[in-house]
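**Student:** Mind having a look at this structure? Questions to follow.
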Amino acid sequence: MTTHPDPVREAPEAFPAQPHPAAASSAAAARHAAAPQATDWTDGVDTVPRADGTPEELQPYAELGLADDEYDRIRHILGRRPTQSELAMYSIMWSEHCSYKSSKVHLRQFTEKAPPSDRLLAGIGENAGVVQVSDELAVTFKVESHNHPSFVEPYQGAATGVGGIVRDILAMGARPVAVMDPLRFGAADHPDTARVLPGVVAGVGGYGNCLGLPNIGGEVVFDPCYQGNPLVNALCLGVLPVSRLQNKAAVGPGNVVVLMGAKTGRDGIGGVSVLASATFDEGSEQRRPSVQVGDPFIEKLLIEACLELYDAQLIAGIQDLGGAGLTCALTETAAAAGTGMRVWLERVPLREPSMQPHEILASESQERMLLIVEPAKLEAVLKTCEKWGVLATAIGEVTAPEPEGQPGRLLITWRDHVVVDVPPGSLVDDGPVYARPMREPADLILLQADRAETLPRPSDPDTLRETVLRMIASPNLADKTWVTEQYDRYVLGNTVLAQPEDSGVIRIDERTGLGVALSVDGNGRYARLDPYHGAKLALAEAYRNVAVTGAAPIAVTNCLNFGSPEDPGVMWQFAEAVRGLADGCAELGIPVTGGNVSFYNQTGAAAIHPTPVVGVLGLLANVADRVASGFVPRPGGEHEQLF
Amino acid sequence: MPRVVVDVMLKPEILDPQGQAVANALPRLGVNDVASVRIGRRIEIDFTGEPDLDRAREIADKLLANPVIEDFTVRLVEADEPADARS
Amino acid sequence: MPRVVVDVMLKPEILDPQGQAVANALPRLGVNDVASVRIGRRIEIDFTGEPDLDRAREIADKLLANPVIEDFTVRLVEADEPADARS
Amino acid sequence: MTARVGVVTFPGSLDDGDAARAVRIAGAEPVRLWHGDPQLHGVDAVVLPGGFSYGDYLRCGAIARFAPVMEKIIDAAAGGLPVLGICNGFQILCEAHLLPGALTRNQHLHFRNRDQILRIEATGTAWTNTFQSGQEVLIPVKNGEGCYVADTATLDALEAEGRVVARYVGGNPNGSQRDIAAITNPAGNVVGIMPHPEHAVEALTGPSLDGLGFFTSVLKHLVGTPA
Ligand SMILES: Nc1ncnc2c1ncn2[C@@H]1O[C@H](COP(=O)(O)OP(=O)(O)O)[C@@H](O)[C@H]1O
């Protein structure tokens with residue numbers, strides 16, 4: 001039962017209208033252009049002593065997306081210029097994606113307005129929110145975006161999107177048990193949609209299938225506003241015994257830092273490659289792919305191995321490696337504990353031996369986890385990993401905090417050269433925070449004035465018929481079986497409801513019948529007309545979808561897909577949507593437990609519709625009591641009564 | 001009539017899970033002297049008339065390979081290789 | 001160091017839906033002179049020492065190809081073909 | 001003594017838990033077998049479940065055939081041990097030459113998951129003896145490489161010897177030749193099936209209870225077989 005990347009691009013009947021975003025055949029010629037030798041980059045490496053001695057060296061911080069004052073802040077924090085590796089790390093951690101610098105001031109409302117809840121075991125700020133559902137059991141769920149990568153390479157972009165959210169869930173101590181995929185594409189008849197959609201669907205299905213996760217719902221929406229910016233959001237649900245909850249804090253000086261999973265390659269190094277090209281050889285940058293390729297089989301092994309490690313209580317801390325790779329995992333685990341960390345970077349198993357320290361730190365290679373392990377348990381950990389055929393390597397150790405209660409420092413060497421020496425909290429918690437300018441979009445009044453009531457109504461049987469036919473034929477209302485048939489909804493044997501139901505329902509305890517219902521919804525058109533109410537409506541829709549199965553809604557996750565935060569109009573939409581969602585949650589009495597912000601979904605000046613996607617989780621004491629949306633004919637031909 | 005063969009391989013720096021999986025399985029077959037395995041696609045195109053390399057290159061670029069992650073080569077081979085060239 | 005290339009193709013009598021799909025798409029690309037497209041696998045094997053063709057043939061026979069549906073060929077190529085051999 | 005039915009777990013097995021559940025619901029004791037452990041632990045029958053055994057990027061089941069546990073299963077099958085291969089398990093049985101033919105990419109090139117009607121045609125096997133010949137059952141199918149192919153002589157022999165165990169009815173989900181969904185070896189103890197009977201054993205989670213028959217069949221078979 002494989003669905004692997006199609007040897008041929010899916011839907012060969014259509015061709016991209018635009019060329020692929022990356023260079024075409026020139027890259028082929030570059031393949032055999034002399035590859036730089038691994039030999040003595042040690043000499044060229046930018047070390048802390050070197051940074052001390054060359055304060056005036058120009059650094060490509062702007063190309064890395066850092067503003068002048070951000071760069072100055074880094075110099076101030078370090079008391080010197082950053083090394084290349086440090087600059088790479090700050091540029092990653094202070095990016096919009098990692099630091100939430102534009103959204104932070106708004107997202108606070110989710111916590112401030114949240115109704116009190118005694119179910120919440122982990123909330124916003126953790127890898128995923130964790131909600132207790134019985135004395136013994138908790139569930140964790142979260143939705144995340146992988147929009148741009150899925151436009152560039154639909155299959156791998158979508159696949160690694162699923163892989164990423166699954167690792168978030170795994171890192172909380174949970175077994176992943178289901179996925180959902182809210183998707184948005186450009187016009188259904190646009191040739192580029194025929195490139196993107198089949199690849200995305202195959203990627204979501206392929207990766208999820210390989211992990212054995214049932215797909216229990218999602219959305220497929222077409223609108224020309226998503227033409228160059230399709231939205232690929234992925235949700236994962238996990239279940240854990242309450243006692244198995246994991247923490248990312250790198251506690252316990254002397255504990256070992258273990259990197260587990262795939263080897264590190266030049267995946268998704270993207271922007272950080274300017275460090276190499278600016279300093280070493282021009283043009284080497286085109287060798288660096290910005291696309292990650294997933295290996296779901298390794299992820300499956302990671303899941304099984306991690307669960308075995310949790311159950312044997314062999315882990316002191318764990319963090320998945322997501323978009324920001326080792327940089328994020330090392331700094332977040334250390335910062336969460338207030339400890340320091342000492343890492344020998346040359347111990348990281350590499351796919352390409354010629355990788356430089358900053359590339360190793362920035363790599364987005366998939367299917368990796370970082371473990372914090374007590375020395376006495378290291379052997380058992382490595383043995384479990386070996387049993388599952390997963391690579392695991394001790395790459396460092398946790399070090400003590402500084403005297404007087406100051407947090408420790410992250411010290412990274414590469415072949416005995418100190419390449420990083422930073423306070424980890426400065427990357428994680430002290431990033432920039434912006435209250436960006438906001439302004440209601442100038443065209444909003446006109447849009448709102450153009451009311452549906454002014455549209456011509458069908459007034460005779462012929463026009464009525466024509467309208468009905470047009471609606472039925474509309475891709476947004478059409479049957480989604482072409483998509484959902486490509487997903488496995490049966491695996492694990494606990495799927496009680498899935499497509500085409502309003503919510504997915506999963507049994508999480510075979511003994512008691514305890515289960516959860518999940519729905520994800522969003523409506524960019526409503527949100528474009530009124531982001532505040534649009535977000536509330538998305539919440540209300542998901543809430544209703546969960547409620548009609550008979551489940552009691554208890555928690556919310558969300559993925560906020562917007563254009564550029566530097567556009568005051570977009571920023572206003574964002575602020576309004578967040579305010580609406582926070583107010584809606586307060587009114588319904590259920591908390592937001594986590595989520596994800598995706599900005600910069602725009603091409604030139606044209607942003608997508610503001611698209612808050614909201615997931616609601618509900619609880620069913622016994623899934624046998626669920627209410628399905630169809631009428632089930634009774635044996636004997638009797639039918640249900642309609643009231 | 002010669003045929004056109006297009007070989008499509010993942011770029012060297014891109015992860016090749018297929019090749020990896022095969023390489024990992026080899027020791028089980030008693031094979032321990034293989035350093036690496038990479039797996040790509042071989043596409044054989046027969047033209048109705050003269051084989052057209054430029055045409056084939058265009059097909060490869062637009063349809064057979066994704067240049068973001070793959071490289072390809074296009075070449076001519078004799079269509080009817082003798083059977084004993086098959087192992 | 002030369003490398004071993006194993007080409008695995010479906011036997012001619014086995015239907016190749018992927019090749020078919022590509023062939024069917026070509027007219028829309030304006031290509032009307034292609035008679036057939038077949039898609040198979042190209043496997044590049046690097047040995048740690050001297051490339052071993054017999055060994056490669058054994059691997060192909062046991063693992064890389066399924067003799068029920070596939071044929072394979074094994075050959076040596078120079079690992080570092082000059083860049084201009086690439087399209 | 002309840003029968004002990006082994007369920008093999010490869011690193012990439014996915015439906016192993018479901019197969020074990022089905023065995024339990026049918027009234028037998030599931031025994032988990034590990035791919036790297038060359039022991040059958042005295043089981044009375046074996047299920048090779050769905051999934052991706054070793055990732056299966058190359059060809060489904062190609063690598064699993066060489067697993068230590070498989071060597072034991074291949075030997076035991078020759079001696080009459082009932083073996084049921086579901087989906088990936090079917091692929092492995094073909095790769096291991098316990099069953100003829102091969103499973104190839106679905107002709108429409110997509111993974112497909114749907115509730116599928118099958119017609120049971122051979123009821124003499126260890127895994128289908130509780131069905132009636134010609135009985136139609138509803139069982140989920142879900143695969144990307146489920147298209148059964150074999151040469152004409154093999155197909156003809158399968159038909160002539162009554163070894164086509166089940167056929168797709170009301171639409172062929174993957175392009176399998178002669179609508180073949182399941183086949184058996186000449187002795188009838190080894191059965192490969194593409195659809196998933198283990199997903200049709202509970203009213204709550206499956207489209208029917210029809211899948212249970214495969215698991216109760218093997219129990220009936222074992223009762224009739226002196227140990
Ligand atoms: N991308 C997708 N992935 C999984 N399920 C999907 C996807 N898109 C739609 N579905 C499912 O298909 C069914 C029908 O979808 P839709 O027509 O959008 O229903 P509704 O209008 O009731 O939300 C729902 O169960 C939904 O969860």
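Each chain in the structure tokens gets a letter, A, B, ..., in the order shown, and its residues are numbered from 1; ligands are numbered from 1 in order too.
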Please find the residues of chain D near chain B - the criterion being any atom within 9 Å, counting only C-alpha atoms - and write them as a tab-separated table (two decimals) with all heavy atoms, in the first residue's frame.

**Tutor:**
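Listed below is the output, part.tsv:
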```
chain	number	residue	atom	x	y	z
D	54	TYR	N	9.50	-2.47	5.44
D	54	TYR	CA	10.77	-1.77	5.68
D	54	TYR	C	10.77	-0.43	4.95
D	54	TYR	O	11.78	-0.02	4.39
D	54	TYR	CB	11.94	-2.62	5.20
D	54	TYR	CG	12.18	-3.83	6.06
D	54	TYR	CD1	11.69	-5.07	5.70
D	54	TYR	CD2	12.90	-3.73	7.26
D	54	TYR	CE1	11.91	-6.18	6.49
D	54	TYR	CE2	13.12	-4.83	8.06
D	54	TYR	CZ	12.62	-6.06	7.67
D	54	TYR	OH	12.84	-7.16	8.46
D	55	GLY	N	9.66	0.25	4.95
D	55	GLY	CA	9.60	1.50	4.20
D	55	GLY	C	9.08	1.24	2.79
D	55	GLY	O	8.29	2.00	2.28
D	56	ASP	N	9.54	0.17	2.19
D	56	ASP	CA	9.02	-0.27	0.90
D	56	ASP	C	9.09	0.79	-0.19
D	56	ASP	O	8.23	0.88	-1.05
D	56	ASP	CB	7.56	-0.76	1.03
D	56	ASP	CG	7.51	-2.11	1.73
D	56	ASP	OD1	8.54	-2.54	2.24
D	56	ASP	OD2	6.44	-2.72	1.76
D	57	TYR	N	10.14	1.61	-0.12
D	57	TYR	CA	10.29	2.60	-1.19
D	57	TYR	C	10.64	1.94	-2.51
D	57	TYR	O	10.29	2.41	-3.57
D	57	TYR	CB	11.39	3.59	-0.83
D	57	TYR	CG	11.11	4.41	0.40
D	57	TYR	CD1	11.95	4.36	1.50
D	57	TYR	CD2	10.00	5.24	0.45
D	57	TYR	CE1	11.70	5.13	2.62
D	57	TYR	CE2	9.74	6.00	1.57
D	57	TYR	CZ	10.59	5.94	2.65
D	57	TYR	OH	10.34	6.69	3.76
D	58	LEU	N	11.40	0.82	-2.41
D	58	LEU	CA	11.88	0.18	-3.63
D	58	LEU	C	10.72	-0.53	-4.34
D	58	LEU	O	10.36	-0.19	-5.46
D	58	LEU	CB	12.97	-0.83	-3.28
D	58	LEU	CG	13.48	-1.66	-4.45
D	58	LEU	CD1	14.26	-0.79	-5.40
D	58	LEU	CD2	14.32	-2.82	-3.95
D	63	ILE	N	12.01	-6.15	0.49
D	63	ILE	CA	13.03	-6.32	1.52
D	63	ILE	C	12.52	-7.25	2.63
D	63	ILE	O	13.27	-8.06	3.17
D	63	ILE	CB	13.46	-4.95	2.08
D	63	ILE	CG1	14.09	-4.12	0.96
D	63	ILE	CG2	14.43	-5.11	3.24
D	63	ILE	CD1	14.49	-2.70	1.33
D	66	PHE	N	13.28	-10.98	3.13
D	66	PHE	CA	14.54	-11.48	3.69
D	66	PHE	C	14.59	-11.38	5.21
D	66	PHE	O	15.62	-11.64	5.81
D	66	PHE	CB	15.72	-10.71	3.08
D	66	PHE	CG	15.84	-10.91	1.60
D	66	PHE	CD1	15.43	-9.93	0.71
D	66	PHE	CD2	16.32	-12.11	1.09
D	66	PHE	CE1	15.52	-10.12	-0.66
D	66	PHE	CE2	16.42	-12.31	-0.26
D	66	PHE	CZ	16.02	-11.32	-1.15
D	67	ALA	N	13.51	-10.98	5.84
D	67	ALA	CA	13.51	-10.85	7.29
D	67	ALA	C	13.70	-12.21	7.95
D	67	ALA	O	13.20	-13.22	7.45
D	67	ALA	CB	12.19	-10.24	7.75
```

**Student:** Could you list, as a list in words, all the residues within 7 Å of ligand 1, counting only C-alpha atoms and all ligand atoms?

**Tutor:**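 Selection of residues at most 7 Å from ligand 1: Met180, Asp181, Pro182, Leu183, Asn215, Ile216, Gly217, Gly218, Glu219, Val220, Leu477, Ala478, Asp479, Lys480, Val483, Thr484, Ala498, Gln499, Pro500, Glu501, Asp502, Ser503 and Gly504 of chain A.
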
**Student:** Please, what distance in Å, to one decimal, runs between atom CA of Ser13 of chain D and atom CA of Asp75 of chain D?

**Tutor:** 21.8 Å

**Student:** Should the cut-off be 7 Å, what would the residue list for chain D against chain A look like, counting only C-alpha atoms, as a PyMOL selection string?

**Tutor:** chain D and resi 11-12+14-15+17-18+51-52+55+87-88+110-114+142-146+199+204-205

**Student:** Restrict the calculation to only C-alpha atoms, then for each residue of chain B with any atom at most 8 Å from an atom of chain A give the closest atom pair and their distance in Å to one decimal, rows by chain and rising residue number, as CSV.

**Tutor:**
```
residue,atom,partner,partner_atom,distance
B:Lys11,CA,A:Arg31,CA,7.1
B:Pro12,CA,A:Arg31,CA,7.4
B:Glu13,CA,A:Arg266,CA,6.6
B:Ile14,CA,A:Val293,CA,7.0
B:Leu15,CA,A:Val293,CA,6.0
B:Asp16,CA,A:Val293,CA,7.9
B:Pro17,CA,A:Asp295,CA,5.7
B:Arg41,CA,A:Pro7,CA,7.2
B:Asp61,CA,A:Ser25,CA,7.4
B:Lys62,CA,A:Phe15,CA,7.3
B:Leu63,CA,A:Arg9,CA,6.5
B:Leu64,CA,A:Val8,CA,5.5
B:Ala65,CA,A:Val8,CA,7.3
B:Asn66,CA,A:Arg9,CA,7.7
B:Pro67,CA,A:Ala24,CA,5.1
B:Val68,CA,A:Ala22,CA,5.7
B:Ile69,CA,A:Pro289,CA,7.2
B:Glu70,CA,A:Ala28,CA,8.0
B:Asp71,CA,A:Ala28,CA,5.0
B:Phe72,CA,A:Ala28,CA,6.7
```

**Student:** For Phe47 of chain C, please output as a ChimeraX atom specification all residues within 10 Å (counting only C-alpha atoms; exclusion window: fewer than 3 positions along the same chain).

**Tutor:** /B:32-37 /C:1-4,44,50-52,55-56

**Student:** Please, which residues of chain C, numbered as in this document, come out helix (DSSP H, G or I) from DSSP, as a ChimeraX atom specification?

**Tutor:** /C:17-29,53-64,83-85

**Student:** Counting only C-alpha atoms, which of B:Gly30, B:Leu10, B:Thr48, B:Asp54 gets nearest to chain C?

**Tutor:** B:Thr48

**Student:** Pick out the closest residue to chain B from this set: C:Ala23, C:Val5, C:Ile45, C:Val31. Count only C-alpha atoms.

**Tutor:** C:Ile45

**Student:** Which residue is closest to chain B? Choose from C:Arg42, C:Val77, C:Val8, C:Leu53 and count only C-alpha atoms.

**Tutor:**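 Ranked by minimum distance to chain B, first place goes to C:Arg42.
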
**Student:** For Pro30 of chain D, which residue among D:Val141, D:Ser53, D:Thr2, D:Cys147 is the nearest when counting only C-alpha atoms?

**Tutor:**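 Smallest distance to Pro30 of chain D is found for D:Thr2.
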
**Student:** List the neighbours of Phe599 of chain A out to 6 Å using only C-alpha atoms; skip same-chain residues closer than 3 positions along the sequence, and give me the result as a list of chain:residue names.

**Tutor:**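 Contacts, in chain order: A:Phe562, A:Gly563, A:Ser564.
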
**Student:** Store the residues picked out above in a file with all heavy atoms, as a CSV table (one decimal), in the first residue's frame.

**Tutor:**
```csv
chain,number,residue,atom,x,y,z
A,562,PHE,N,-2.1,34.5,6.7
A,562,PHE,CA,-2.3,35.9,6.3
A,562,PHE,C,-1.2,36.3,5.3
A,562,PHE,O,-0.2,35.6,5.1
A,562,PHE,CB,-2.2,36.8,7.6
A,562,PHE,CG,-3.5,36.7,8.4
A,562,PHE,CD1,-3.7,35.6,9.2
A,562,PHE,CD2,-4.5,37.6,8.3
A,562,PHE,CE1,-4.8,35.5,10.0
A,562,PHE,CE2,-5.7,37.5,9.0
A,562,PHE,CZ,-5.9,36.5,9.9
A,563,GLY,N,-1.3,37.5,4.8
A,563,GLY,CA,-0.3,38.1,3.9
A,563,GLY,C,0.8,38.7,4.8
A,563,GLY,O,1.1,38.2,5.8
A,564,SER,N,1.4,39.7,4.3
A,564,SER,CA,2.6,40.3,4.9
A,564,SER,C,2.2,41.2,6.1
A,564,SER,O,1.4,42.1,6.0
A,564,SER,CB,3.4,41.1,3.9
A,564,SER,OG,4.3,41.9,4.6
```

**Student:** Determine which residues of segment 437-609 of chain A receive a DSSP assignment of strand (DSSP E or B), computed from the backbone, and state them as a PyMOL selection string.

**Tutor:** chain A and resi 495-497+504-507+515-521+552-561+592-598+602-603+606-607

**Student:** Rounded to one decimal, what separation in Å do you get between atom CA of Glu198 of chain D and atom CA of Gly203 of chain A?

**Tutor:**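 We find that atom CA of Glu198 of chain D and atom CA of Gly203 of chain A lie 25.7 Å from each other.
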
**Student:** Need the shell around Thr130 of chain D: protein/DNA/RNA residues with any atom at most 12 Å away, counting only C-alpha atoms. Skip same-chain ones fewer than 6 positions apart. Format as a ChimeraX atom specification?

**Tutor:** /D:120,122-124,210-221

**Student:** Which residues, written as a VMD selection string, have at least one atom at most 7 Å from Leu84 of chain D, with only C-alpha atoms counted and residues fewer than 4 positions away on the same chain left out?

**Tutor:** chain D and resid 46 to 48 190 to 192

**Student:** Kindly save the residues from that selection, with N, CA and C atoms included, as a short mmCIF file (atom, residue, chain, number, x, y, z; two decimals), in the first residue's frame.

**Tutor:**
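New file selection-v2.cif:
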```cif
data_model
loop_
_atom_site.label_atom_id
_atom_site.label_comp_id
_atom_site.auth_asym_id
_atom_site.auth_seq_id
_atom_site.Cartn_x
_atom_site.Cartn_y
_atom_site.Cartn_z
N VAL D 46 -0.36 -17.64 11.14
CA VAL D 46 0.34 -16.35 11.09
C VAL D 46 -0.41 -15.38 10.19
N VAL D 47 -0.49 -14.12 10.64
CA VAL D 47 -1.00 -13.05 9.79
C VAL D 47 0.14 -12.09 9.49
N LEU D 48 0.34 -11.79 8.20
CA LEU D 48 1.27 -10.74 7.79
C LEU D 48 0.41 -9.50 7.52
N VAL D 190 -2.07 -20.94 2.48
CA VAL D 190 -1.53 -19.58 2.34
C VAL D 190 -2.48 -18.75 1.49
N VAL D 191 -2.96 -17.65 2.05
CA VAL D 191 -3.88 -16.78 1.32
C VAL D 191 -3.34 -15.35 1.34
N GLY D 192 -3.39 -14.71 0.18
CA GLY D 192 -3.04 -13.29 0.10
C GLY D 192 -4.26 -12.52 -0.32
#
```

**Student:** If we count only C-alpha atoms and set the cut-off at 10 Å, which residues sit around Leu529 of chain A, ignoring sequence neighbours fewer than 3 positions away in its own chain? Please answer as a compact mmCIF listing (two decimals) with all heavy atoms, in the first residue's frame.

**Tutor:**
```
# COMPACT_ATOMS: atom_id res chain seq x y z
N LEU A 444 -12.18 48.15 2.10
CA LEU A 444 -13.11 47.34 2.88
C LEU A 444 -14.53 47.90 2.86
O LEU A 444 -15.50 47.17 2.72
CB LEU A 444 -12.61 47.17 4.32
CG LEU A 444 -13.34 46.08 5.09
CD1 LEU A 444 -13.13 44.72 4.45
CD2 LEU A 444 -12.89 46.03 6.55
N ILE A 445 -14.60 49.24 2.97
CA ILE A 445 -15.92 49.86 2.97
C ILE A 445 -16.67 49.54 1.69
O ILE A 445 -17.86 49.18 1.70
CB ILE A 445 -15.77 51.39 3.12
CG1 ILE A 445 -15.27 51.68 4.55
CG2 ILE A 445 -17.07 52.10 2.80
CD1 ILE A 445 -15.40 53.13 4.95
N LEU A 446 -15.93 49.62 0.58
CA LEU A 446 -16.58 49.32 -0.70
C LEU A 446 -17.02 47.87 -0.75
O LEU A 446 -18.12 47.55 -1.21
CB LEU A 446 -15.60 49.59 -1.85
CG LEU A 446 -15.36 51.07 -2.16
CD1 LEU A 446 -14.32 51.22 -3.26
CD2 LEU A 446 -16.68 51.71 -2.59
N LEU A 447 -16.14 47.00 -0.29
CA LEU A 447 -16.47 45.57 -0.30
C LEU A 447 -17.72 45.31 0.53
O LEU A 447 -18.61 44.55 0.14
CB LEU A 447 -15.32 44.77 0.32
CG LEU A 447 -14.24 44.25 -0.61
CD1 LEU A 447 -13.22 43.45 0.21
CD2 LEU A 447 -14.85 43.36 -1.67
N GLN A 448 -17.76 45.95 1.68
CA GLN A 448 -18.89 45.68 2.58
C GLN A 448 -20.18 46.29 2.04
O GLN A 448 -21.27 45.79 2.31
CB GLN A 448 -18.57 46.23 3.98
CG GLN A 448 -17.50 45.40 4.69
CD GLN A 448 -17.10 45.95 6.04
OE1 GLN A 448 -17.32 47.14 6.32
NE2 GLN A 448 -16.50 45.12 6.88
N ALA A 449 -20.01 47.36 1.28
CA ALA A 449 -21.20 48.00 0.73
C ALA A 449 -21.81 47.19 -0.40
O ALA A 449 -22.99 47.29 -0.71
CB ALA A 449 -20.83 49.40 0.22
N GLY A 524 -12.20 32.10 4.23
CA GLY A 524 -11.44 33.30 3.88
C GLY A 524 -12.30 34.43 3.35
O GLY A 524 -11.99 35.61 3.54
N ARG A 525 -13.40 34.09 2.69
CA ARG A 525 -14.24 35.15 2.13
C ARG A 525 -14.94 35.92 3.25
O ARG A 525 -15.01 37.16 3.21
CB ARG A 525 -15.25 34.56 1.15
CG ARG A 525 -14.61 34.13 -0.15
CD ARG A 525 -15.58 33.34 -1.00
NE ARG A 525 -16.70 34.17 -1.49
CZ ARG A 525 -16.67 34.81 -2.66
NH1 ARG A 525 -15.61 34.73 -3.43
NH2 ARG A 525 -17.70 35.52 -3.05
N TYR A 526 -15.45 35.17 4.21
CA TYR A 526 -16.06 35.87 5.35
C TYR A 526 -15.02 36.74 6.06
O TYR A 526 -15.27 37.88 6.42
CB TYR A 526 -16.60 34.86 6.37
CG TYR A 526 -17.84 34.11 5.95
CD1 TYR A 526 -18.32 33.06 6.72
CD2 TYR A 526 -18.54 34.46 4.80
CE1 TYR A 526 -19.46 32.35 6.35
CE2 TYR A 526 -19.68 33.74 4.42
CZ TYR A 526 -20.13 32.71 5.19
OH TYR A 526 -21.24 32.00 4.83
N TYR A 532 -12.92 40.04 12.09
CA TYR A 532 -13.32 39.76 13.46
C TYR A 532 -14.42 38.70 13.48
O TYR A 532 -14.30 37.66 14.12
CB TYR A 532 -13.81 41.05 14.13
CG TYR A 532 -14.30 40.83 15.56
CD1 TYR A 532 -13.40 40.81 16.63
CD2 TYR A 532 -15.67 40.65 15.83
CE1 TYR A 532 -13.84 40.61 17.93
CE2 TYR A 532 -16.12 40.45 17.13
CZ TYR A 532 -15.21 40.43 18.18
OH TYR A 532 -15.64 40.23 19.47
N HIS A 533 -15.48 38.96 12.72
CA HIS A 533 -16.57 37.99 12.70
C HIS A 533 -16.23 36.75 11.87
O HIS A 533 -16.74 35.67 12.14
CB HIS A 533 -17.86 38.64 12.20
CG HIS A 533 -18.46 39.55 13.23
ND1 HIS A 533 -18.38 40.93 13.15
CD2 HIS A 533 -19.10 39.28 14.39
CE1 HIS A 533 -18.97 41.46 14.21
NE2 HIS A 533 -19.41 40.49 14.99
N GLY A 534 -15.36 36.93 10.88
CA GLY A 534 -14.92 35.78 10.09
C GLY A 534 -14.26 34.73 10.97
O GLY A 534 -14.50 33.53 10.83
N GLN A 573 -6.14 43.11 9.61
CA GLN A 573 -6.94 41.88 9.47
C GLN A 573 -6.52 40.85 10.51
O GLN A 573 -7.36 40.19 11.14
CB GLN A 573 -6.75 41.27 8.07
CG GLN A 573 -7.34 42.08 6.94
CD GLN A 573 -6.92 41.54 5.57
OE1 GLN A 573 -5.85 40.93 5.42
NE2 GLN A 573 -7.76 41.77 4.56
N HIS A 609 -6.79 36.11 0.94
CA HIS A 609 -7.80 36.48 1.93
C HIS A 609 -7.26 36.10 3.30
O HIS A 609 -6.60 35.07 3.44
CB HIS A 609 -9.10 35.70 1.71
CG HIS A 609 -9.83 36.08 0.47
ND1 HIS A 609 -9.70 37.31 -0.14
CD2 HIS A 609 -10.73 35.39 -0.28
CE1 HIS A 609 -10.47 37.34 -1.21
NE2 HIS A 609 -11.11 36.20 -1.32
N PRO A 610 -7.54 36.91 4.30
CA PRO A 610 -7.15 36.49 5.64
C PRO A 610 -7.85 35.16 5.93
O PRO A 610 -9.06 35.06 5.75
CB PRO A 610 -7.68 37.60 6.54
CG PRO A 610 -8.71 38.33 5.72
CD PRO A 610 -8.30 38.17 4.29
```
